[in-house]
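Source file: start_8.pdb; contents: PDB, C-alpha atoms.
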```
ATOM      1  CA  MET A   1     -53.421 -56.878 -46.817
ATOM      2  CA  TYR A   2     -50.520 -57.530 -44.453
ATOM      3  CA  LEU A   3     -48.101 -55.870 -46.903
ATOM      4  CA  SER A   4     -50.282 -52.755 -47.030
ATOM      5  CA  PHE A   5     -50.295 -52.627 -43.205
ATOM      6  CA  ILE A   6     -46.476 -52.738 -43.120
ATOM      7  CA  VAL A   7     -46.160 -50.039 -45.795
ATOM      8  CA  VAL A   8     -48.532 -47.711 -43.911
ATOM      9  CA  ASN A   9     -46.602 -48.177 -40.645
ATOM     10  CA  VAL A  10     -43.275 -47.491 -42.357
ATOM     11  CA  LEU A  11     -44.638 -44.305 -43.938
ATOM     12  CA  LEU A  12     -46.027 -43.133 -40.592
ATOM     13  CA  GLY A  13     -42.679 -43.814 -38.929
ATOM     14  CA  ILE A  14     -40.777 -41.841 -41.578
ATOM     15  CA  SER A  15     -43.253 -38.970 -41.275
ATOM     16  CA  SER A  16     -42.839 -38.845 -37.484
ATOM     17  CA  LEU A  17     -39.041 -38.912 -37.811
ATOM     18  CA  VAL A  18     -39.022 -36.068 -40.338
ATOM     19  CA  HIS A  19     -41.400 -34.033 -38.186
ATOM     20  CA  GLY A  20     -39.192 -34.558 -35.147
ATOM     21  CA  ILE A  21     -36.062 -33.493 -37.036
ATOM     22  CA  GLN A  22     -37.793 -30.392 -38.394
ATOM     23  CA  LYS A  23     -39.030 -29.469 -34.915
ATOM     24  CA  PHE A  24     -35.554 -29.910 -33.435
ATOM     25  CA  GLN A  25     -34.020 -27.781 -36.183
ATOM     26  CA  SER A  26     -36.635 -25.058 -35.733
ATOM     27  CA  GLU A  27     -35.862 -24.879 -32.011
ATOM     28  CA  LEU A  28     -32.181 -24.456 -32.830
ATOM     29  CA  ASP A  29     -32.601 -21.947 -35.660
ATOM     30  CA  TYR A  30     -35.613 -19.944 -34.507
ATOM     31  CA  ASP A  31     -34.660 -16.759 -32.668
ATOM     32  CA  GLY A  32     -37.301 -16.861 -29.948
ATOM     33  CA  TRP A  33     -38.007 -14.742 -26.899
ATOM     34  CA  LEU A  34     -37.788 -15.411 -23.198
ATOM     35  CA  GLN A  35     -39.500 -13.938 -20.150
ATOM     36  CA  LEU A  36     -38.393 -14.027 -16.522
ATOM     37  CA  ARG A  37     -40.611 -13.210 -13.578
ATOM     38  CA  LEU A  38     -38.419 -12.334 -10.616
ATOM     39  CA  TRP A  39     -39.237 -12.963  -6.964
ATOM     40  CA  HIS A  40     -36.927 -12.259  -4.029
ATOM     41  CA  ALA A  41     -36.677 -13.007  -0.324
ATOM     42  CA  VAL A  42     -35.004 -10.672   2.197
ATOM     43  CA  ASN A  43     -35.917 -12.642   5.320
ATOM     44  CA  ASP A  44     -33.359 -14.596   7.321
ATOM     45  CA  ASP A  45     -35.583 -17.614   8.001
ATOM     46  CA  PRO A  46     -34.789 -21.084   6.634
ATOM     47  CA  VAL A  47     -37.980 -20.892   4.561
ATOM     48  CA  PRO A  48     -37.820 -17.884   2.219
ATOM     49  CA  ILE A  49     -40.798 -15.549   1.899
ATOM     50  CA  TYR A  50     -40.799 -14.425  -1.713
ATOM     51  CA  THR A  51     -42.271 -11.162  -2.929
ATOM     52  CA  GLU A  52     -42.390  -9.977  -6.517
ATOM     53  CA  ARG A  53     -39.355  -7.998  -7.682
ATOM     54  CA  GLY A  54     -40.013  -7.445 -11.387
ATOM     55  CA  ASN A  55     -39.557  -9.050 -14.783
ATOM     56  CA  VAL A  56     -37.061  -9.413 -17.601
ATOM     57  CA  THR A  57     -38.014  -9.785 -21.257
ATOM     58  CA  VAL A  58     -35.368 -11.133 -23.627
ATOM     59  CA  SER A  59     -36.649 -10.200 -27.064
ATOM     60  CA  SER A  60     -33.932 -12.150 -28.881
ATOM     61  CA  VAL A  61     -32.207 -15.176 -27.354
ATOM     62  CA  ARG A  62     -29.664 -15.017 -30.170
ATOM     63  CA  SER A  63     -28.507 -11.443 -29.565
ATOM     64  CA  GLY A  64     -29.375 -11.287 -25.863
ATOM     65  CA  ALA A  65     -31.351  -8.032 -26.211
ATOM     66  CA  SER A  66     -33.456  -7.546 -23.090
ATOM     67  CA  VAL A  67     -35.704  -5.105 -21.225
ATOM     68  CA  VAL A  68     -35.807  -5.013 -17.419
ATOM     69  CA  GLY A  69     -38.688  -3.687 -15.328
ATOM     70  CA  GLN A  70     -38.353  -3.738 -11.521
ATOM     71  CA  SER A  71     -39.889  -2.120  -8.471
ATOM     72  CA  SER A  72     -37.866  -0.093  -5.997
ATOM     73  CA  LEU A  73     -37.157  -1.421  -2.527
ATOM     74  CA  SER A  74     -39.246  -0.088   0.332
ATOM     75  CA  PRO A  75     -37.589   1.207   3.534
ATOM     76  CA  ALA A  76     -38.696  -1.984   5.294
ATOM     77  CA  GLN A  77     -37.018  -4.114   2.617
ATOM     78  CA  ILE A  78     -33.837  -2.031   2.866
ATOM     79  CA  ASN A  79     -33.759  -2.632   6.630
ATOM     80  CA  ALA A  80     -34.363  -6.347   6.104
ATOM     81  CA  LEU A  81     -31.519  -6.438   3.573
ATOM     82  CA  ARG A  82     -29.224  -4.686   6.054
ATOM     83  CA  ASN A  83     -30.196  -7.205   8.714
ATOM     84  CA  LEU A  84     -29.303 -10.011   6.307
ATOM     85  CA  ALA A  85     -25.932  -8.405   5.622
ATOM     86  CA  ALA A  86     -25.205  -7.944   9.334
ATOM     87  CA  HIS A  87     -25.728 -11.667   9.916
ATOM     88  CA  ASP A  88     -23.822 -12.808   6.795
ATOM     89  CA  GLY A  89     -27.127 -13.819   5.251
ATOM     90  CA  LYS A  90     -27.899 -14.375   1.597
ATOM     91  CA  TYR A  91     -30.360 -12.562  -0.606
ATOM     92  CA  ARG A  92     -32.417 -15.227  -2.400
ATOM     93  CA  LEU A  93     -33.854 -14.914  -5.881
ATOM     94  CA  LYS A  94     -36.441 -17.020  -7.674
ATOM     95  CA  ALA A  95     -36.778 -16.697 -11.448
ATOM     96  CA  VAL A  96     -39.704 -18.228 -13.336
ATOM     97  CA  ALA A  97     -38.662 -18.546 -16.978
ATOM     98  CA  ARG A  98     -41.198 -18.828 -19.785
ATOM     99  CA  THR A  99     -40.033 -19.541 -23.334
ATOM    100  CA  SER A 100     -41.633 -18.758 -26.678
ATOM    101  CA  SER A 101     -42.712 -22.406 -26.935
ATOM    102  CA  GLY A 102     -44.826 -21.989 -23.785
ATOM    103  CA  SER A 103     -42.760 -24.056 -21.350
ATOM    104  CA  GLU A 104     -42.030 -22.770 -17.842
ATOM    105  CA  VAL A 105     -39.257 -23.638 -15.410
ATOM    106  CA  THR A 106     -38.222 -22.169 -12.048
ATOM    107  CA  PHE A 107     -34.646 -21.408 -10.984
ATOM    108  CA  LEU A 108     -33.268 -20.479  -7.569
ATOM    109  CA  SER A 109     -30.132 -18.467  -6.897
ATOM    110  CA  SER A 110     -28.582 -16.385  -4.122
ATOM    111  CA  VAL A 111     -25.876 -13.811  -3.393
ATOM    112  CA  PRO A 112     -24.434 -12.413  -0.119
ATOM    113  CA  ALA A 113     -26.668  -9.537   0.927
ATOM    114  CA  CYS A 114     -23.717  -7.326   1.867
ATOM    115  CA  TYR A 115     -22.489  -7.404  -1.745
ATOM    116  CA  LEU A 116     -25.763  -5.901  -2.930
ATOM    117  CA  LEU A 117     -25.481  -3.107  -0.377
ATOM    118  CA  GLY A 118     -21.834  -2.518  -1.292
ATOM    119  CA  SER A 119     -22.676  -2.209  -4.993
ATOM    120  CA  ASP A 120     -25.719   0.043  -4.307
ATOM    121  CA  LEU A 121     -28.185  -2.603  -5.538
ATOM    122  CA  GLU A 122     -26.301  -3.304  -8.763
ATOM    123  CA  ASP A 123     -26.355  -6.944  -9.852
ATOM    124  CA  VAL A 124     -25.953  -9.186 -12.875
ATOM    125  CA  LEU A 125     -28.460 -11.817 -13.976
ATOM    126  CA  THR A 126     -27.002 -14.511 -16.208
ATOM    127  CA  ILE A 127     -29.374 -16.727 -18.193
ATOM    128  CA  TRP A 128     -27.740 -19.954 -19.326
ATOM    129  CA  LEU A 129     -29.205 -21.643 -22.428
ATOM    130  CA  ASP A 130     -28.694 -25.099 -23.910
ATOM    131  CA  THR A 131     -28.223 -25.864 -27.616
ATOM    132  CA  SER A 132     -32.000 -25.589 -28.176
ATOM    133  CA  ALA A 133     -32.124 -22.058 -26.675
ATOM    134  CA  VAL A 134     -33.951 -23.412 -23.602
ATOM    135  CA  PRO A 135     -32.879 -21.918 -20.231
ATOM    136  CA  ILE A 136     -31.074 -24.374 -17.960
ATOM    137  CA  ALA A 137     -29.979 -21.970 -15.188
ATOM    138  CA  VAL A 138     -30.398 -18.409 -13.951
ATOM    139  CA  SER A 139     -27.761 -16.997 -11.597
ATOM    140  CA  ILE A 140     -27.359 -13.688  -9.753
ATOM    141  CA  PHE A 141     -24.034 -11.973  -9.076
ATOM    142  CA  SER A 142     -22.932  -8.740  -7.426
ATOM    143  CA  SER A 143     -19.355  -7.528  -7.284
ATOM    144  CA  GLY A 144     -19.669  -5.729  -3.941
ATOM    145  CA  PRO A 145     -17.676  -4.761  -1.888
ATOM    146  CA  CYS A 146     -19.295  -6.161   1.233
ATOM    147  CA  ARG A 147     -21.012  -3.420   3.285
ATOM    148  CA  THR A 148     -23.827  -3.235   5.787
ATOM    149  CA  ASP A 149     -24.852   0.420   5.581
ATOM    150  CA  ASN A 150     -27.668   1.907   3.515
ATOM    151  CA  PRO A 151     -27.221   1.988  -0.277
ATOM    152  CA  PHE A 152     -27.232   5.309  -2.104
ATOM    153  CA  THR A 153     -30.418   4.328  -3.932
ATOM    154  CA  ASN A 154     -33.394   2.020  -3.510
ATOM    155  CA  MET A 155     -33.622   1.244  -7.249
ATOM    156  CA  TRP A 156     -32.139  -1.858  -8.831
ATOM    157  CA  THR A 157     -29.495  -1.612 -11.531
ATOM    158  CA  THR A 158     -29.582  -4.977 -13.252
ATOM    159  CA  ASN A 159     -27.515  -6.146 -16.193
ATOM    160  CA  VAL A 160     -28.759  -9.213 -18.070
ATOM    161  CA  ILE A 161     -26.380 -11.598 -19.821
ATOM    162  CA  VAL A 162     -27.594 -14.442 -22.034
ATOM    163  CA  LYS A 163     -25.079 -17.275 -22.353
ATOM    164  CA  SER A 164     -25.350 -19.815 -25.172
ATOM    165  CA  PRO A 165     -23.076 -22.838 -25.606
ATOM    166  CA  GLU A 166     -20.088 -22.171 -27.829
ATOM    167  CA  ALA A 167     -19.254 -24.502 -30.669
ATOM    168  CA  GLY A 168     -15.995 -26.401 -30.286
ATOM    169  CA  PRO A 169     -13.176 -26.393 -32.847
ATOM    170  CA  ILE A 170     -13.855 -28.314 -36.058
ATOM    171  CA  PRO A 171     -11.205 -30.974 -36.792
ATOM    172  CA  ASP A 172      -9.277 -30.547 -40.047
ATOM    173  CA  THR A 173     -10.177 -33.936 -41.464
ATOM    174  CA  ALA A 174      -9.267 -33.013 -45.033
ATOM    175  CA  THR A 175      -5.626 -32.335 -44.141
ATOM    176  CA  TYR A 176      -5.416 -35.559 -42.127
ATOM    177  CA  ILE A 177      -6.855 -37.614 -44.985
ATOM    178  CA  GLN A 178      -4.389 -36.039 -47.422
ATOM    179  CA  LYS A 179      -1.530 -36.927 -45.067
ATOM    180  CA  LEU A 180      -2.651 -40.553 -44.892
ATOM    181  CA  GLU A 181      -2.955 -40.662 -48.666
ATOM    182  CA  ARG A 182       0.595 -39.336 -49.131
ATOM    183  CA  GLU A 183       1.951 -41.905 -46.657
ATOM    184  CA  ARG A 184       0.141 -44.701 -48.461
ATOM    185  CA  GLU A 185       1.504 -43.599 -51.847
ATOM    186  CA  ALA A 186       5.035 -43.350 -50.404
ATOM    187  CA  LYS A 187       4.822 -46.914 -49.067
ATOM    188  CA  GLU A 188       3.588 -48.182 -52.428
ATOM    189  CA  ARG A 189       6.572 -46.554 -54.157
ATOM    190  CA  GLY A 190       8.944 -47.943 -51.508
ATOM    191  CA  GLU A 191       9.966 -44.475 -50.372
ATOM    192  CA  ALA A 192       9.071 -44.983 -46.740
ATOM    193  CA  LYS A 193      12.208 -45.603 -44.661
ATOM    194  CA  ASP A 194      12.265 -47.271 -41.283
ATOM    195  CA  ASN A 195      14.651 -45.234 -39.124
ATOM    196  CA  ARG A 196      13.997 -47.170 -35.938
ATOM    197  CA  SER A 197      16.816 -48.741 -33.906
ATOM    198  CA  PHE A 198      17.539 -52.493 -33.872
ATOM    199  CA  LEU A 199      15.716 -53.000 -30.553
ATOM    200  CA  ALA A 200      12.730 -50.975 -31.702
ATOM    201  CA  LYS A 201      12.439 -53.081 -34.840
ATOM    202  CA  TYR A 202      12.933 -56.570 -33.370
ATOM    203  CA  TRP A 203      11.823 -56.282 -29.738
ATOM    204  CA  ILE A 204       8.859 -58.515 -30.487
ATOM    205  CA  TYR A 205      11.313 -61.377 -31.172
ATOM    206  CA  ILE A 206      13.910 -60.542 -28.515
ATOM    207  CA  VAL A 207      11.563 -60.325 -25.538
ATOM    208  CA  PRO A 208       9.994 -63.819 -25.968
ATOM    209  CA  ALA A 209      13.473 -65.335 -26.298
ATOM    210  CA  LEU A 210      14.629 -63.715 -23.059
ATOM    211  CA  ILE A 211      11.477 -64.853 -21.261
ATOM    212  CA  PHE A 212      12.028 -68.409 -22.542
ATOM    213  CA  LEU A 213      15.640 -68.399 -21.241
ATOM    214  CA  LEU A 214      14.548 -67.102 -17.821
ATOM    215  CA  ILE A 215      11.840 -69.757 -17.529
ATOM    216  CA  SER A 216      14.261 -72.492 -18.595
ATOM    217  CA  SER A 217      16.817 -71.415 -15.985
ATOM    218  CA  ALA A 218      14.162 -71.318 -13.254
ATOM    219  CA  THR A 219      12.774 -74.787 -14.074
ATOM    220  CA  ASN A 220      16.228 -76.501 -14.444
ATOM    221  CA  PRO A 221      18.420 -75.171 -11.621
ATOM    222  CA  GLU A 222      20.250 -78.536 -11.318
ATOM    223  CA  ALA A 223      21.315 -78.425 -14.939
ATOM    224  CA  ALA A 224      22.540 -74.919 -14.496
ATOM    225  CA  SER A 225      24.540 -75.841 -11.324
ATOM    226  CA  GLY A 226      25.935 -79.026 -12.921
ATOM    227  CA  GLY A 227      27.170 -77.119 -15.883
ATOM    228  CA  SER A 228      28.841 -74.707 -13.559
ATOM    229  CA  ALA A 229      30.561 -77.507 -11.633
ATOM    230  CA  GLN A 230      31.895 -79.093 -14.802
ATOM    231  CA  ARG A 231      33.323 -75.786 -15.886
ATOM    232  CA  GLN A 232      35.230 -75.610 -12.562
TER     233      GLN A 232
END
```

With the file now loaded, output its structure as structure tokens.
Amino acid sequence: MYLSFIVVNVLLGISSLVHGIQKFQSELDYDGWLQLRLWHAVNDDPVPIYTERGNVTVSSVRSGASVVGQSSLSPAQINALRNLAAHDGKYRLKAVARTSSGSEVTFLSSVPACYLLGSDLEDVLTIWLDTSAVPIAVSIFSSGPCRTDNPFTNMWTTNVIVKSPEAGPIPDTATYIQKLEREREAKERGEAKDNRSFLAKYWIYIVPALIFLLISSATNPEAASGGSAQRQ
């Protein structure tokens, strides 16, 4: 009875482990979608007052293909943005990201308001993903230049960039193993030559001897001085 209980627990543990591995692999390999709901604040108060700006739909997190839908700015919002720029204020953005797995996370970002006016409301939204294609950051950028006058348009021009982590270089282990094998075979045949200098070869013996002589001289100064007097 006890043995059956152990066997059942082991099987359940293996099943859970396999299910977890398969789920992790599916999150890495599955080319899911991603949605962003955008909210922005053009007030200069410490507490931002967010109003809806639009949304971004990334149909493929692997390729970064996206569709952007946004409302135009009203004259009152343009004036508020100009007021922000005149006081070196920042335009604040809130992005609520929802993944294909159903999870939601909120990101905050900002950019100098004068840069948005200088670029005529052209900005770049960068969505940063981890290795499981889950968003870990959303940032806004505008190249400017910094201006405080009215933009030529009240419509947003937004470019969306999806950034995934890049794989690092793969070490050439096969070549390294072959090198070690050749060195081992050369040593077995006696072909390996030691081209080191005398000190490099035998320093492990020379250094202790010098230390011993220094200690002996320090502990027997009378013997050293007596020997010197006899030599005189």

Quick check, in Å to one decimal: how far apart do CA of Leu36 (chain A) and CA of Pro151 (chain A) lie? 25.4 Å

Quick one: apply the PyMOL selection byres ((chain A and resi 45) around 12) to the file and drop the selected residues here as a ChimeraX atom specification. /A:41-44,46-50,80,83-84,87,89-92

Counting only C-alpha atoms, the option among A:Ala65, A:Ile211, A:Ala86, A:Ala97 closest to Val134 (chain A):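 Selected residue with least distance to Val134 (chain A): A:Ala97.
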
Can you tell me how far CA of Val67 (chain A) sits from CA of Leu81 (chain A), in Å to one decimal?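 Spanning CA of Val67 (chain A) to CA of Leu81 (chain A) is a straight-line distance of 25.2 Å.
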
List the residues matched by the PyMOL selection byres ((chain A and resi 95) around 6) in the displayed structure as an NGL selection string, ordered by chain and then by residue number. :A and (36-38 or 94 or 96 or 106-107)

In Å to one decimal, how far is CA of Ala174 (chain A) from CA of Arg196 (chain A)? 28.7 Å

Apply the PyMOL selection byres ((chain A and resi 58) around 8) to the structure shown and report the selected residues as number ranges by chain. A: 33-35, 56-57, 59-61, 64-67
